[in-house]
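Raw input-v5.pdb, PDB, N, CA and C atoms and all ligand atoms:
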ATOM      1  N   MET O  13      50.145 -38.018  11.578  1.00  0.00           N
ATOM      2  CA  MET O  13      49.807 -38.042  13.022  1.00  0.00           C
ATOM      3  C   MET O  13      51.077 -38.160  13.856  1.00  0.00           C
ATOM      4  N   LYS O  14      51.902 -39.160  13.503  1.00  0.00           N
ATOM      5  CA  LYS O  14      53.142 -39.374  14.254  1.00  0.00           C
ATOM      6  C   LYS O  14      54.070 -38.161  14.127  1.00  0.00           C
ATOM      7  N   LYS O  15      54.083 -37.613  12.903  1.00  0.00           N
ATOM      8  CA  LYS O  15      54.960 -36.486  12.617  1.00  0.00           C
ATOM      9  C   LYS O  15      54.663 -35.301  13.541  1.00  0.00           C
ATOM     10  N   SER O  16      53.375 -35.022  13.707  1.00  0.00           N
ATOM     11  CA  SER O  16      53.004 -33.859  14.521  1.00  0.00           C
ATOM     12  C   SER O  16      53.417 -34.071  15.978  1.00  0.00           C
ATOM     13  N   VAL O  17      53.371 -35.317  16.430  1.00  0.00           N
ATOM     14  CA  VAL O  17      53.792 -35.604  17.812  1.00  0.00           C
ATOM     15  C   VAL O  17      55.282 -35.326  17.959  1.00  0.00           C
ATOM     16  N   ILE O  18      56.048 -35.758  16.974  1.00  0.00           N
ATOM     17  CA  ILE O  18      57.497 -35.529  17.014  1.00  0.00           C
ATOM     18  C   ILE O  18      57.796 -34.026  16.980  1.00  0.00           C
ATOM     19  N   ILE O  19      57.093 -33.337  16.125  1.00  0.00           N
ATOM     20  CA  ILE O  19      57.308 -31.884  16.024  1.00  0.00           C
ATOM     21  C   ILE O  19      56.959 -31.207  17.347  1.00  0.00           C
ATOM     22  N   ALA O  20      55.862 -31.635  17.948  1.00  0.00           N
ATOM     23  CA  ALA O  20      55.449 -31.051  19.224  1.00  0.00           C
ATOM     24  C   ALA O  20      56.503 -31.327  20.290  1.00  0.00           C
ATOM     25  N   ALA O  21      57.014 -32.556  20.311  1.00  0.00           N
ATOM     26  CA  ALA O  21      58.037 -32.913  21.293  1.00  0.00           C
ATOM     27  C   ALA O  21      59.292 -32.077  21.084  1.00  0.00           C
ATOM     28  N   LEU O  22      59.682 -31.921  19.825  1.00  0.00           N
ATOM     29  CA  LEU O  22      60.865 -31.109  19.511  1.00  0.00           C
ATOM     30  C   LEU O  22      60.665 -29.660  19.949  1.00  0.00           C
ATOM     31  N   ALA O  23      59.454 -29.160  19.703  1.00  0.00           N
ATOM     32  CA  ALA O  23      59.162 -27.774  20.075  1.00  0.00           C
ATOM     33  C   ALA O  23      59.286 -27.600  21.584  1.00  0.00           C
ATOM     34  N   VAL O  24      58.741 -28.562  22.329  1.00  0.00           N
ATOM     35  CA  VAL O  24      58.801 -28.478  23.796  1.00  0.00           C
ATOM     36  C   VAL O  24      60.255 -28.531  24.262  1.00  0.00           C
ATOM     37  N   LEU O  25      61.029 -29.453  23.662  1.00  0.00           N
ATOM     38  CA  LEU O  25      62.440 -29.579  24.036  1.00  0.00           C
ATOM     39  C   LEU O  25      63.194 -28.293  23.731  1.00  0.00           C
ATOM     40  N   THR O  26      62.942 -27.749  22.538  1.00  0.00           N
ATOM     41  CA  THR O  26      63.628 -26.518  22.138  1.00  0.00           C
ATOM     42  C   THR O  26      63.265 -25.376  23.072  1.00  0.00           C
ATOM     43  N   LEU O  27      61.987 -25.265  23.381  1.00  0.00           N
ATOM     44  CA  LEU O  27      61.533 -24.199  24.276  1.00  0.00           C
ATOM     45  C   LEU O  27      62.188 -24.343  25.647  1.00  0.00           C
ATOM     46  N   GLY O  28      62.214 -25.573  26.147  1.00  0.00           N
ATOM     47  CA  GLY O  28      62.827 -25.817  27.450  1.00  0.00           C
ATOM     48  C   GLY O  28      64.293 -25.453  27.436  1.00  0.00           C
ATOM     49  N   PHE O  29      64.973 -25.802  26.341  1.00  0.00           N
ATOM     50  CA  PHE O  29      66.399 -25.506  26.214  1.00  0.00           C
ATOM     51  C   PHE O  29      66.632 -23.998  26.203  1.00  0.00           C
ATOM     52  N   ILE O  30      65.818 -23.299  25.423  1.00  0.00           N
ATOM     53  CA  ILE O  30      65.965 -21.838  25.330  1.00  0.00           C
ATOM     54  C   ILE O  30      65.698 -21.198  26.685  1.00  0.00           C
ATOM     55  N   MET O  31      64.671 -21.676  27.359  1.00  0.00           N
ATOM     56  CA  MET O  31      64.328 -21.081  28.654  1.00  0.00           C
ATOM     57  C   MET O  31      65.427 -21.347  29.673  1.00  0.00           C
ATOM     58  N   ALA O  32      65.975 -22.575  29.650  1.00  0.00           N
ATOM     59  CA  ALA O  32      67.058 -22.912  30.580  1.00  0.00           C
ATOM     60  C   ALA O  32      68.269 -22.033  30.309  1.00  0.00           C
ATOM     61  N   CYS O  33      68.595 -21.880  29.038  1.00  0.00           N
ATOM     62  CA  CYS O  33      69.729 -21.039  28.650  1.00  0.00           C
ATOM     63  C   CYS O  33      69.479 -19.599  29.080  1.00  0.00           C
ATOM     64  N   GLY O  34      68.295 -19.118  28.781  1.00  0.00           N
ATOM     65  CA  GLY O  34      67.968 -17.736  29.112  1.00  0.00           C
ATOM     66  C   GLY O  34      68.058 -17.492  30.606  1.00  0.00           C
ATOM     67  N   ASN O  35      67.576 -18.435  31.392  1.00  0.00           N
ATOM     68  CA  ASN O  35      67.594 -18.256  32.840  1.00  0.00           C
ATOM     69  C   ASN O  35      69.015 -18.204  33.378  1.00  0.00           C
ATOM     70  N   SER O  36      69.862 -19.130  32.935  1.00  0.00           N
ATOM     71  CA  SER O  36      71.232 -19.158  33.454  1.00  0.00           C
ATOM     72  C   SER O  36      71.975 -17.901  33.012  1.00  0.00           C
ATOM     73  N   HIS O  37      71.687 -17.486  31.780  1.00  0.00           N
ATOM     74  CA  HIS O  37      72.351 -16.270  31.277  1.00  0.00           C
ATOM     75  C   HIS O  37      71.898 -15.065  32.095  1.00  0.00           C
ATOM     76  N   GLN O  38      70.609 -15.025  32.377  1.00  0.00           N
ATOM     77  CA  GLN O  38      70.043 -13.892  33.102  1.00  0.00           C
ATOM     78  C   GLN O  38      70.640 -13.806  34.510  1.00  0.00           C
ATOM     79  N   SER O  39      70.752 -14.956  35.178  1.00  0.00           N
ATOM     80  CA  SER O  39      71.256 -14.932  36.551  1.00  0.00           C
ATOM     81  C   SER O  39      72.726 -14.507  36.562  1.00  0.00           C
ATOM     82  N   THR O  40      73.475 -14.930  35.547  1.00  0.00           N
ATOM     83  CA  THR O  40      74.884 -14.535  35.476  1.00  0.00           C
ATOM     84  C   THR O  40      74.981 -13.032  35.290  1.00  0.00           C
ATOM     85  N   GLU O  41      74.151 -12.521  34.409  1.00  0.00           N
ATOM     86  CA  GLU O  41      74.169 -11.103  34.120  1.00  0.00           C
ATOM     87  C   GLU O  41      73.787 -10.322  35.371  1.00  0.00           C
ATOM     88  N   LYS O  42      72.807 -10.817  36.072  1.00  0.00           N
ATOM     89  CA  LYS O  42      72.327 -10.154  37.277  1.00  0.00           C
ATOM     90  C   LYS O  42      73.466 -10.050  38.292  1.00  0.00           C
ATOM     91  N   HIS O  43      74.212 -11.155  38.398  1.00  0.00           N
ATOM     92  CA  HIS O  43      75.297 -11.181  39.366  1.00  0.00           C
ATOM     93  C   HIS O  43      76.358 -10.153  38.999  1.00  0.00           C
ATOM     94  N   GLN O  44      76.652 -10.058  37.703  1.00  0.00           N
ATOM     95  CA  GLN O  44      77.692  -9.135  37.260  1.00  0.00           C
ATOM     96  C   GLN O  44      77.243  -7.696  37.390  1.00  0.00           C
ATOM     97  N   LYS O  45      75.943  -7.478  37.310  1.00  0.00           N
ATOM     98  CA  LYS O  45      75.446  -6.112  37.361  1.00  0.00           C
ATOM     99  C   LYS O  45      75.366  -5.582  38.789  1.00  0.00           C
ATOM    100  N   LYS O  46      75.651  -6.426  39.753  1.00  0.00           N
ATOM    101  CA  LYS O  46      75.609  -5.990  41.135  1.00  0.00           C
ATOM    102  C   LYS O  46      76.567  -4.820  41.320  1.00  0.00           C
ATOM    103  N   GLY O  47      76.211  -3.926  42.203  1.00  0.00           N
ATOM    104  CA  GLY O  47      76.998  -2.706  42.391  1.00  0.00           C
ATOM    105  C   GLY O  47      78.495  -2.928  42.391  1.00  0.00           C
ATOM    106  N   LYS O  48      79.182  -1.970  41.869  1.00  0.00           N
ATOM    107  CA  LYS O  48      80.638  -2.054  41.770  1.00  0.00           C
ATOM    108  C   LYS O  48      81.274  -1.783  43.132  1.00  0.00           C
ATOM    109  N   TYR O  49      80.583  -1.045  43.973  1.00  0.00           N
ATOM    110  CA  TYR O  49      81.133  -0.679  45.274  1.00  0.00           C
ATOM    111  C   TYR O  49      80.432  -1.433  46.391  1.00  0.00           C
ATOM    112  N   THR O  50      81.205  -1.780  47.398  1.00  0.00           N
ATOM    113  CA  THR O  50      80.652  -2.530  48.509  1.00  0.00           C
ATOM    114  C   THR O  50      81.307  -2.102  49.812  1.00  0.00           C
ATOM    115  N   CYS O  51      80.689  -2.474  50.924  1.00  0.00           N
ATOM    116  CA  CYS O  51      81.259  -2.188  52.238  1.00  0.00           C
ATOM    117  C   CYS O  51      82.077  -3.392  52.676  1.00  0.00           C
ATOM    118  N   ILE O  52      83.276  -3.133  53.180  1.00  0.00           N
ATOM    119  CA  ILE O  52      84.121  -4.266  53.572  1.00  0.00           C
ATOM    120  C   ILE O  52      83.530  -5.021  54.753  1.00  0.00           C
ATOM    121  N   MET O  53      82.687  -4.345  55.544  1.00  0.00           N
ATOM    122  CA  MET O  53      82.058  -4.999  56.688  1.00  0.00           C
ATOM    123  C   MET O  53      80.728  -5.646  56.311  1.00  0.00           C
ATOM    124  N   HIS O  54      80.120  -5.149  55.262  1.00  0.00           N
ATOM    125  CA  HIS O  54      78.818  -5.659  54.832  1.00  0.00           C
ATOM    126  C   HIS O  54      78.841  -5.986  53.344  1.00  0.00           C
ATOM    127  N   PRO O  55      79.293  -7.172  52.988  1.00  0.00           N
ATOM    128  CA  PRO O  55      79.392  -7.563  51.567  1.00  0.00           C
ATOM    129  C   PRO O  55      78.049  -7.551  50.842  1.00  0.00           C
ATOM    130  N   ASP O  56      76.964  -7.595  51.593  1.00  0.00           N
ATOM    131  CA  ASP O  56      75.655  -7.595  50.939  1.00  0.00           C
ATOM    132  C   ASP O  56      75.251  -6.196  50.494  1.00  0.00           C
ATOM    133  N   VAL O  57      75.978  -5.198  50.990  1.00  0.00           N
ATOM    134  CA  VAL O  57      75.713  -3.825  50.564  1.00  0.00           C
ATOM    135  C   VAL O  57      76.426  -3.589  49.239  1.00  0.00           C
ATOM    136  N   SER O  58      75.715  -3.034  48.289  1.00  0.00           N
ATOM    137  CA  SER O  58      76.361  -2.752  47.007  1.00  0.00           C
ATOM    138  C   SER O  58      75.813  -1.462  46.431  1.00  0.00           C
ATOM    139  N   ALA O  59      76.665  -0.750  45.699  1.00  0.00           N
ATOM    140  CA  ALA O  59      76.252   0.512  45.096  1.00  0.00           C
ATOM    141  C   ALA O  59      76.959   0.685  43.768  1.00  0.00           C
ATOM    142  N   ASP O  60      76.337   1.440  42.890  1.00  0.00           N
ATOM    143  CA  ASP O  60      76.924   1.673  41.565  1.00  0.00           C
ATOM    144  C   ASP O  60      78.031   2.705  41.618  1.00  0.00           C
ATOM    145  N   LYS O  61      77.967   3.581  42.629  1.00  0.00           N
ATOM    146  CA  LYS O  61      78.961   4.660  42.706  1.00  0.00           C
ATOM    147  C   LYS O  61      79.474   4.776  44.135  1.00  0.00           C
ATOM    148  N   PRO O  62      80.608   5.460  44.309  1.00  0.00           N
ATOM    149  CA  PRO O  62      81.184   5.609  45.642  1.00  0.00           C
ATOM    150  C   PRO O  62      80.201   6.280  46.592  1.00  0.00           C
ATOM    151  N   GLY O  63      80.310   5.924  47.869  1.00  0.00           N
ATOM    152  CA  GLY O  63      79.415   6.508  48.859  1.00  0.00           C
ATOM    153  C   GLY O  63      79.730   5.918  50.207  1.00  0.00           C
ATOM    154  N   VAL O  64      78.764   5.933  51.104  1.00  0.00           N
ATOM    155  CA  VAL O  64      78.980   5.350  52.418  1.00  0.00           C
ATOM    156  C   VAL O  64      77.978   4.228  52.648  1.00  0.00           C
ATOM    157  N   CYS O  65      78.372   3.287  53.489  1.00  0.00           N
ATOM    158  CA  CYS O  65      77.515   2.158  53.805  1.00  0.00           C
ATOM    159  C   CYS O  65      76.312   2.643  54.612  1.00  0.00           C
ATOM    160  N   PRO O  66      75.106   2.252  54.214  1.00  0.00           N
ATOM    161  CA  PRO O  66      73.909   2.669  54.957  1.00  0.00           C
ATOM    162  C   PRO O  66      73.812   2.005  56.325  1.00  0.00           C
ATOM    163  N   LYS O  67      74.599   0.970  56.546  1.00  0.00           N
ATOM    164  CA  LYS O  67      74.520   0.239  57.822  1.00  0.00           C
ATOM    165  C   LYS O  67      75.514   0.763  58.851  1.00  0.00           C
ATOM    166  N   CYS O  68      76.744   1.072  58.392  1.00  0.00           N
ATOM    167  CA  CYS O  68      77.758   1.488  59.361  1.00  0.00           C
ATOM    168  C   CYS O  68      78.394   2.828  59.019  1.00  0.00           C
ATOM    169  N   GLY O  69      78.092   3.382  57.836  1.00  0.00           N
ATOM    170  CA  GLY O  69      78.611   4.696  57.485  1.00  0.00           C
ATOM    171  C   GLY O  69      80.032   4.687  56.975  1.00  0.00           C
ATOM    172  N   MET O  70      80.615   3.505  56.809  1.00  0.00           N
ATOM    173  CA  MET O  70      81.979   3.436  56.294  1.00  0.00           C
ATOM    174  C   MET O  70      81.990   3.732  54.803  1.00  0.00           C
ATOM    175  N   ASP O  71      83.129   4.222  54.309  1.00  0.00           N
ATOM    176  CA  ASP O  71      83.257   4.475  52.872  1.00  0.00           C
ATOM    177  C   ASP O  71      83.148   3.153  52.111  1.00  0.00           C
ATOM    178  N   LEU O  72      82.419   3.198  51.011  1.00  0.00           N
ATOM    179  CA  LEU O  72      82.333   2.003  50.174  1.00  0.00           C
ATOM    180  C   LEU O  72      83.624   1.860  49.380  1.00  0.00           C
ATOM    181  N   VAL O  73      84.044   0.633  49.190  1.00  0.00           N
ATOM    182  CA  VAL O  73      85.265   0.385  48.425  1.00  0.00           C
ATOM    183  C   VAL O  73      84.905  -0.295  47.114  1.00  0.00           C
ATOM    184  N   GLU O  74      85.761  -0.097  46.122  1.00  0.00           N
ATOM    185  CA  GLU O  74      85.542  -0.730  44.834  1.00  0.00           C
ATOM    186  C   GLU O  74      85.669  -2.242  44.993  1.00  0.00           C
ATOM    187  N   ARG O  75      84.719  -2.962  44.435  1.00  0.00           N
ATOM    188  CA  ARG O  75      84.739  -4.414  44.553  1.00  0.00           C
ATOM    189  C   ARG O  75      85.996  -4.963  43.911  1.00  0.00           C
ATOM    190  N   ASP O  76      86.681  -5.842  44.643  1.00  0.00           N
ATOM    191  CA  ASP O  76      87.900  -6.433  44.106  1.00  0.00           C
ATOM    192  C   ASP O  76      87.531  -7.596  43.183  1.00  0.00           C
ATOM    193  N   THR O  77      87.796  -7.419  41.906  1.00  0.00           N
ATOM    194  CA  THR O  77      87.398  -8.450  40.940  1.00  0.00           C
ATOM    195  C   THR O  77      88.332  -9.643  40.976  1.00  0.00           C
ATOM    196  N   THR O  78      89.471  -9.520  41.676  1.00  0.00           N
ATOM    197  CA  THR O  78      90.409 -10.622  41.721  1.00  0.00           C
ATOM    198  C   THR O  78      90.286 -11.426  43.011  1.00  0.00           C
ATOM    199  N   GLU O  79      89.259 -11.091  43.800  1.00  0.00           N
ATOM    200  CA  GLU O  79      89.112 -11.767  45.090  1.00  0.00           C
ATOM    201  C   GLU O  79      88.897 -13.267  44.910  1.00  0.00           C
ATOM    202  N   ASP O  80      89.356 -14.012  45.885  1.00  0.00           N
ATOM    203  CA  ASP O  80      89.198 -15.480  45.811  1.00  0.00           C
ATOM    204  C   ASP O  80      87.744 -15.844  45.998  1.00  0.00           C
ATOM    205  N   LYS O  81      87.350 -16.983  45.377  1.00  0.00           N
ATOM    206  CA  LYS O  81      85.957 -17.391  45.508  1.00  0.00           C
ATOM    207  C   LYS O  81      85.837 -18.592  46.436  1.00  0.00           C
TER
HETATM  208 ZN    ZN R 101      78.937  -1.407  56.412  1.00  0.00          ZN
END

Rewritten as structure tokens:
Amino acid sequence: MKKSVIIAALAVLTLGFIMACGNSHQSTEKHQKKGKYTCIMHPDVSADKPGVCPKCGMDLVERDTTEDK
């Protein structure tokens, strides 16, 4: 009886740990997958390939990966 409770608790802990890990990993991946190109005036604009900003029509620039955070 006691054993099954411990096993159940361990299972819940393990599941929670996996889900927490998966979520943080997923959000990191999502952030990295954001478009490579952006508008210097509109950082929220992002695109996978070169083009123009839909808001102001400026050329999109390659995201600077060395930018300060
Ligand atoms: Zn723009």

For chain O versus ligand ZN 101 (chain R), which residues have an atom no more than 5 Å away, and what is each residue's nearest atom pair and distance in Å rounded to one decimal, using all atoms listed in the file, chain-then-number order, as a Markdown table?
| residue | atom | partner | partner_atom | distance |
| --- | --- | --- | --- | --- |
| O:Cys51 | CA | R:ZN101 | ZN | 4.8 |
| O:Met53 | C | R:ZN101 | ZN | 4.6 |
| O:His54 | N | R:ZN101 | ZN | 4.1 |
| O:Cys65 | CA | R:ZN101 | ZN | 4.6 |
| O:Lys67 | C | R:ZN101 | ZN | 4.7 |
| O:Cys68 | N | R:ZN101 | ZN | 3.9 |

Q) Near Pro55 in chain O, within 12 Å and counting only C-alpha atoms, which residues show up once chain neighbours fewer than 4 positions away are dropped, as a PyMOL selection string? A) chain O and resi 46-51+59+65+67+72-76

Quick one: what's the axis-aligned box for range 19-26 of chain O, all listed atoms, 4 Å on every side, centre and edges in Å to one decimal, as lines of an AutoDock Vina configuration file?
center_x = 59.5
center_y = -29.4
center_z = 20.1
size_x = 16.2
size_y = 16.0
size_z = 16.2

Q) For the atom pair atom N of Lys15 in chain O and CA of Gly34 in chain O, what is the interatomic distance in Å to one decimal place? A)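 We find that atom N of Lys15 in chain O and CA of Gly34 in chain O lie 29.2 Å from each other.
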
(Q) What does the structure give for the distance between CA of Ala32 in chain O and CA of Ser16 in chain O, in Å to one decimal? (A) 24.0 Å

Q: Figure out the distance between atom N of Val57 in chain O and atom N of Gly69 in chain O, please, to one decimal in Å.
A: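 Separation between atom N of Gly69 in chain O and atom N of Val57 in chain O: 11.2 Å.
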